[in-house]
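A short write-up of the structure that comes next.
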Number of protein chains: 2
Amino acid sequence: MLAVVGLGKAGLPLAAVIADSGFKVIGIDVDEKKCEMTNRGVNPIPEETGLDELIKKHAGKNLVATPRYEDAANCEVFIVIVPLFVDENHNPDFRVLENAFRNIGKVLKKGDLVVLETTVPPMTTEIIARKWLEEESRLKLGEFYLAYSPERIMTGYSISRLKEFPKVVGGADKESGMKVFEVYRDFVPNLHLVSSARVAEFIKLMEGCYRDVNVALANELFKVADELGIDFYEARQYANHEYCHIHMPSTGVGGHCIPLYPWFLIKEMEKKGKFGYVKLLRTARELNDEMVSYWAERIVMECMKISKPLNEIKICIKGITFREGVKELYHSRNLALVKLLTEKGLNVFVYDDLFTKEEIEKMGLKYLEPENADVVFDCFELTMSKV
Amino acid sequence: MLAVVGLGKAGLPLAAVIADSGFKVIGIDVDEKKCEMTNRGVNPIPEETGLDELIKKHAGKNLVATPRYEDAANCEVFIVIVPLFVDENHNPDFRVLENAFRNIGKVLKKGDLVVLETTVPPMTTEIIARKWLEEESRLKLGEFYLAYSPERIMTGYSISRLKEFPKVVGGADKESGMKVFEVYRDFVPNLHLVSSARVAEFIKLMEGCYRDVNVALANELFKVADELGIDFYEARQYANHEYCHIHMPSTGVGGHCIPLYPWFLIKEMEKKGKFGYVKLLRTARELNDEMVSYWAERIVMECMKISKPLNEIKICIKGITFREGVKELYHSRNLALVKLLTEKGLNVFVYDDLFTKEEIEKMGLKYLEPENADVVFDCFELTMSKV
């Protein structure tokens with residue numbers, strides 16, 4: 001029997017896939033409502049392709065959700081996939097993670113395996129998670145197994161990702177590596193064992209840094225192209241080939257994932273006094289966050305073409321979620337753009353296909369349909385239009 | 001009849017491919033010896049796969065080399081593929097390019113097409129090359145055609161690249177675009193017309209910037225991984241997949257190409273006062289160039305493990321060319337590393353498979369076989385060994 005701690009967008013699909021592979025899974029989540037729903041066979045994440053079916057099929061049978069760790073006392077495997085946030089100084093806030101590990105520690109038995117899937121700063125598994133488990137369980141690593149396996153899901157496609165995409169596992173010690181490989185290969189077809197948990201952690205951070213730096217590069221090249229009167233998208237289309245992968249420009253990078261990961265490495269190196277080791281990651285991170293200033297300036301320049309006082313021009317920002325089609329606002333640069341323009345004293349309205357007028361007004365923002373604005377900026381298309 | 005100006009590593013394969021497509025080609029190069037060799041059917045670039053055969057087949061027939069522009073007076077198409085260097089402040093040195101264009105201008109006739117293939121700063125074709133041609137020919141753009149098509153060859157594989165890789169053309173005006181597309185498609189199978197010469201120029205620069213920034217990212221992640229006791233190469237192997245393309249770390253980026261291209265954009269933006277538009281390109285460029293300091297420090301640390309005075313330890317730097325297997329030293333970071341270590345007062349020797357003892361000593365460097373050194377640093381493998 002396996003426990004999956006955290007039934008969020010990454011955890012619930014994983015729990016469902018394991019259940020569908022013929023295992024009994026206890027899903028643990030603080031959200032009692034979500035547990036009830038799941039147990040009734042109702043998928044709390046309907047946008048996840050294929051999840052409805054799996055929840056319906058296994059709810060109350062192979063998949064039982066509960067807010068109580070005691071219900072997982074008979075599990076031999078505990079998979080932790082809870083969120084990790086960062087504070088305003090970009091330092092990781094381990095509270096949710098610590099709570100999960102300490103609660104697992106309380107029910108941990110000899111021979112059990114604990115696997116962390118949340119993306120974390122390097123050494124979190126080997127040093128911090130190990131310490132939490134050892135303190136609560138009074139067992140030593142060696143008496144239990146501890147490993148890391150980064151989730152590599154993509155919102156909306158988590159199930160197919162789990163079934164097709166290469167997945168990596170690494171142990172806090174050699175035995176844990178062998179153990180986690182043996183357990184995971186029963187439900188992950190494309191599985192790779194690496195030499196340690198820290199290597200597995202680093203793999204996920206590398207991927208995030210690649211994305212962040214390459215989005216920053218696309219943003220920088222977009223600005224340069226625009227300055228030179230060159231259509232960035234046309235150039236990108238023919239620049240990209242087998243060896244060249246220029247990303248898409250944007251208002252920056254939002255969400256819980258990519259914008260956090262470079263900071264994990266930046267902070268870790270800064271702790272070691274190695275400030276010069278993370279110059280590129282820091283430049284890229286700041287560049288992406290500062291794209292809102294660039295777009296604010298472009299919007300103001302557009303407004304100046306209209307023969308009305310600047311503060312009377314109705315600006316509509318279209319699209320406020322951090323990514324197109326995903327109703328989430330965490331670290332949304334589009335929302336940051338709205339805030340920045342408002343602070344400049346401009347008359348800013350908001351429109352988003354995924355939000356009602358009421359929802360937008362509840363956030364303290366002004367709602368306006370694009371056709372009633374003077375200037376519309378589409379955050380996903382990066383297009384400006386005068387109405 | 002076509003003229004190819006510049007019979008270097010990029011120009012000669014292009015001339016040979018055009019000749020092989022059934023056209024008469026006049027190859028122009030200042031190097032009289034190279035012209036003679038080529039006309040005798042002897043390939044001056046033997047490392048270029050498939051070139052021997054084409055030169056043998058077409059020399060003195062479809063392909064005639066000459067140092068004189070007058071010999072190309074009957075050509076209707078002129079392709080310029082000469083080197084562009086940068087000075088010590090990273091500003092482009094247009095002299096070779098200007099000389100080629102002014103000489104073409106002198107023989108240019110109404111209806112002729114001139115195509116630039118050398119990688120250049122944005123607008124070089126539309127503004128600078130146009131001016132040179134108009135001044136010398138007393139013709140106006142419209143009376144002649146002018147276009148840009150970036151060479152995308154790879155040393156050693158230029159011919160297969162020309163036959164398979166997508167190639168881009170763009171005109172200085174609309175008519176030139178249509179004209180160059182019509183001409184090039186007779187010898188380039190995978191051809192794409194873009195909206196302007198400046199877009200075509202930018203495409204090549206984007207590719208170079210992608211490479212430079214991603215090598216910098218690999219170098220940065222290598223340093224971080226090493227600091228954390230993580231094997232970068234193991235992590236890289238599993239981080240890379242369809243959406244992730246972490247490059248290989250190195251001692252930096254050398255050669256005539258990649259290290260120059262980001263500067264073309266940096267300098268262009270700085271001229272416009274847009275210093276903030278090229279932060280990432282500049283950081284990446286400097287990071288790559290500064291890798292020699294990182295490696296020098298690592299080599300010194302390795303030396304400190306040996307119980308001998310530091311200045312008596314024989315250090316052998318293995319591999320001095322800018323890229324493995326290519327006998328070229330331009331902007332070689334490996335040579336920069338040798339210089340840096342020597343300046344520190346260390347006892348530095350050099351070894352390279354591609355150079356004899358005499359060649360190395362002629363450069364003012366000390367030759368030593370790796371097995372006779374105390375510490376060997378392999379610039380291509382990035383490995384350190386004590387003998």
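In the structure tokens, chains take letters A, B, ... by order of appearance, with residues numbered from 1 within each chain and ligands from 1 in the order shown.
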
Practice item. Specify as JSON, numbers by chain all residues of chain B found within 6 Å of chain A, counting only C-alpha atoms. Key: {"B": [199, 203, 207, 230, 235, 239]}

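The spacing separating CA of Leu84 in chain B from CA of His256 in chain B amounts to 8.5 Å.
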
Grab the CA of Gly252 in chain B to CA of Glu343 in chain B distance for me, in Å with one decimal place.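 Between CA of Gly252 in chain B and CA of Glu343 in chain B the gap is 19.0 Å.
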
A straight line from CA of Ile104 in chain B to CA of Val30 in chain B spans 13.7 Å

Worksheet item: So which residues touch Met1 in chain A within 10 Å, counting only C-alpha atoms, skipping near sequence neighbours fewer than 5 positions away, as an MDAnalysis selection string?
Response: chainID A and resid 19 23:26 62 72:78

Please produce an output containing N, CA and C atoms for each residue in the selection, written as an mmCIF file, in the first residue's frame.
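After the write, result.cif holds the following:
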data_model
loop_
_atom_site.group_PDB
_atom_site.id
_atom_site.type_symbol
_atom_site.label_atom_id
_atom_site.label_comp_id
_atom_site.auth_asym_id
_atom_site.auth_seq_id
_atom_site.Cartn_x
_atom_site.Cartn_y
_atom_site.Cartn_z
ATOM 1 N N ALA A 19 -2.893 4.023 -8.580
ATOM 2 C CA ALA A 19 -4.087 3.206 -8.323
ATOM 3 C C ALA A 19 -4.455 2.397 -9.570
ATOM 4 N N PHE A 23 -2.389 -0.811 -7.592
ATOM 5 C CA PHE A 23 -1.984 -0.663 -6.190
ATOM 6 C C PHE A 23 -3.051 0.054 -5.376
ATOM 7 N N LYS A 24 -3.060 -0.266 -4.085
ATOM 8 C CA LYS A 24 -3.932 0.484 -3.160
ATOM 9 C C LYS A 24 -3.213 1.769 -2.790
ATOM 10 N N VAL A 25 -3.890 2.885 -2.957
ATOM 11 C CA VAL A 25 -3.270 4.183 -2.659
ATOM 12 C C VAL A 25 -4.117 4.943 -1.642
ATOM 13 N N ILE A 26 -3.464 5.430 -0.588
ATOM 14 C CA ILE A 26 -4.115 6.358 0.340
ATOM 15 C C ILE A 26 -3.639 7.755 -0.047
ATOM 16 N N ASN A 62 -9.301 1.331 -5.064
ATOM 17 C CA ASN A 62 -7.832 1.460 -5.015
ATOM 18 C C ASN A 62 -7.372 2.825 -4.528
ATOM 19 N N ALA A 72 -2.858 6.180 6.933
ATOM 20 C CA ALA A 72 -1.826 5.634 6.050
ATOM 21 C C ALA A 72 -0.785 4.837 6.844
ATOM 22 N N ALA A 73 -1.124 4.538 8.096
ATOM 23 C CA ALA A 73 -0.142 3.892 8.978
ATOM 24 C C ALA A 73 0.345 2.557 8.422
ATOM 25 N N ASN A 74 -0.494 1.873 7.644
ATOM 26 C CA ASN A 74 -0.078 0.578 7.100
ATOM 27 C C ASN A 74 0.651 0.666 5.758
ATOM 28 N N CYS A 75 0.824 1.872 5.248
ATOM 29 C CA CYS A 75 1.529 2.024 3.965
ATOM 30 C C CYS A 75 3.016 1.731 4.146
ATOM 31 N N GLU A 76 3.598 1.213 3.078
ATOM 32 C CA GLU A 76 5.060 0.973 3.099
ATOM 33 C C GLU A 76 5.809 2.027 2.283
ATOM 34 N N VAL A 77 5.048 2.760 1.481
ATOM 35 C CA VAL A 77 5.666 3.790 0.636
ATOM 36 C C VAL A 77 4.910 5.108 0.826
ATOM 37 N N PHE A 78 5.650 6.183 1.035
ATOM 38 C CA PHE A 78 5.047 7.510 1.193
ATOM 39 C C PHE A 78 5.642 8.444 0.145
#

**Request:** Would you please extract all alpha helix (DSSP H) residues from range 197-306 of chain B, as assigned by DSSP on the backbone, and give them as a ChimeraX atom specification?
**Result:** /B:197-227,232-239,261-271,279-303

#### Entry: Selected residue of minimal separation from Ala100 in chain B among B:Glu164, B:Asp112, B:Asp29, B:Glu88, counting only C-alpha atoms
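Result for the nearest residue to Ala100 in chain B: B:Asp29.
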
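Residues of range 60-121 of chain B assigned to strand (DSSP E or B) by DSSP on this structure's backbone: Leu63, Val64, Ala65, Thr66, Val77, Phe78, Ile79, Val80, Phe85, Val86, Pro92, Asp93, Leu113, Val114, Val115 and Leu116 of chain B.
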
Neighbouring residues of Glu151 in chain B were defined as those with any atom within 7 Å, considering only C-alpha atoms; residues of the same chain fewer than 2 positions away were excluded. Please report them as a PDB file with N, CA and C atoms, in the first residue's frame.
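For reference, part_27.pdb as written:
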ATOM      1  N   GLU B 117      26.640  36.833 -47.745  1.00  0.00           N
ATOM      2  CA  GLU B 117      26.425  35.629 -46.918  1.00  0.00           C
ATOM      3  C   GLU B 117      27.149  35.705 -45.567  1.00  0.00           C
ATOM      4  N   THR B 118      28.141  36.576 -45.490  1.00  0.00           N
ATOM      5  CA  THR B 118      28.888  36.750 -44.235  1.00  0.00           C
ATOM      6  C   THR B 118      27.931  37.183 -43.113  1.00  0.00           C
ATOM      7  N   SER B 149      21.769  36.348 -47.424  1.00  0.00           N
ATOM      8  CA  SER B 149      21.466  34.945 -47.134  1.00  0.00           C
ATOM      9  C   SER B 149      22.555  34.409 -46.212  1.00  0.00           C
ATOM     10  N   ILE B 153      26.868  27.034 -42.536  1.00  0.00           N
ATOM     11  CA  ILE B 153      27.677  25.838 -42.680  1.00  0.00           C
ATOM     12  C   ILE B 153      28.243  25.420 -41.339  1.00  0.00           C
TER      13      ILE B 153
END

(message) Using only C-alpha atoms, can you tell me which of A:Asp186, A:Leu354, A:Ala10, A:Arg138 comes closest to Arg323 in chain A?
(response)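 Nearest to Arg323 in chain A: A:Leu354.
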
Min atom-atom distance to Lys344 in chain A from the set A:Val64, A:Asp173, A:Val80, A:Ala296, counting only C-alpha atoms, belongs to A:Ala296
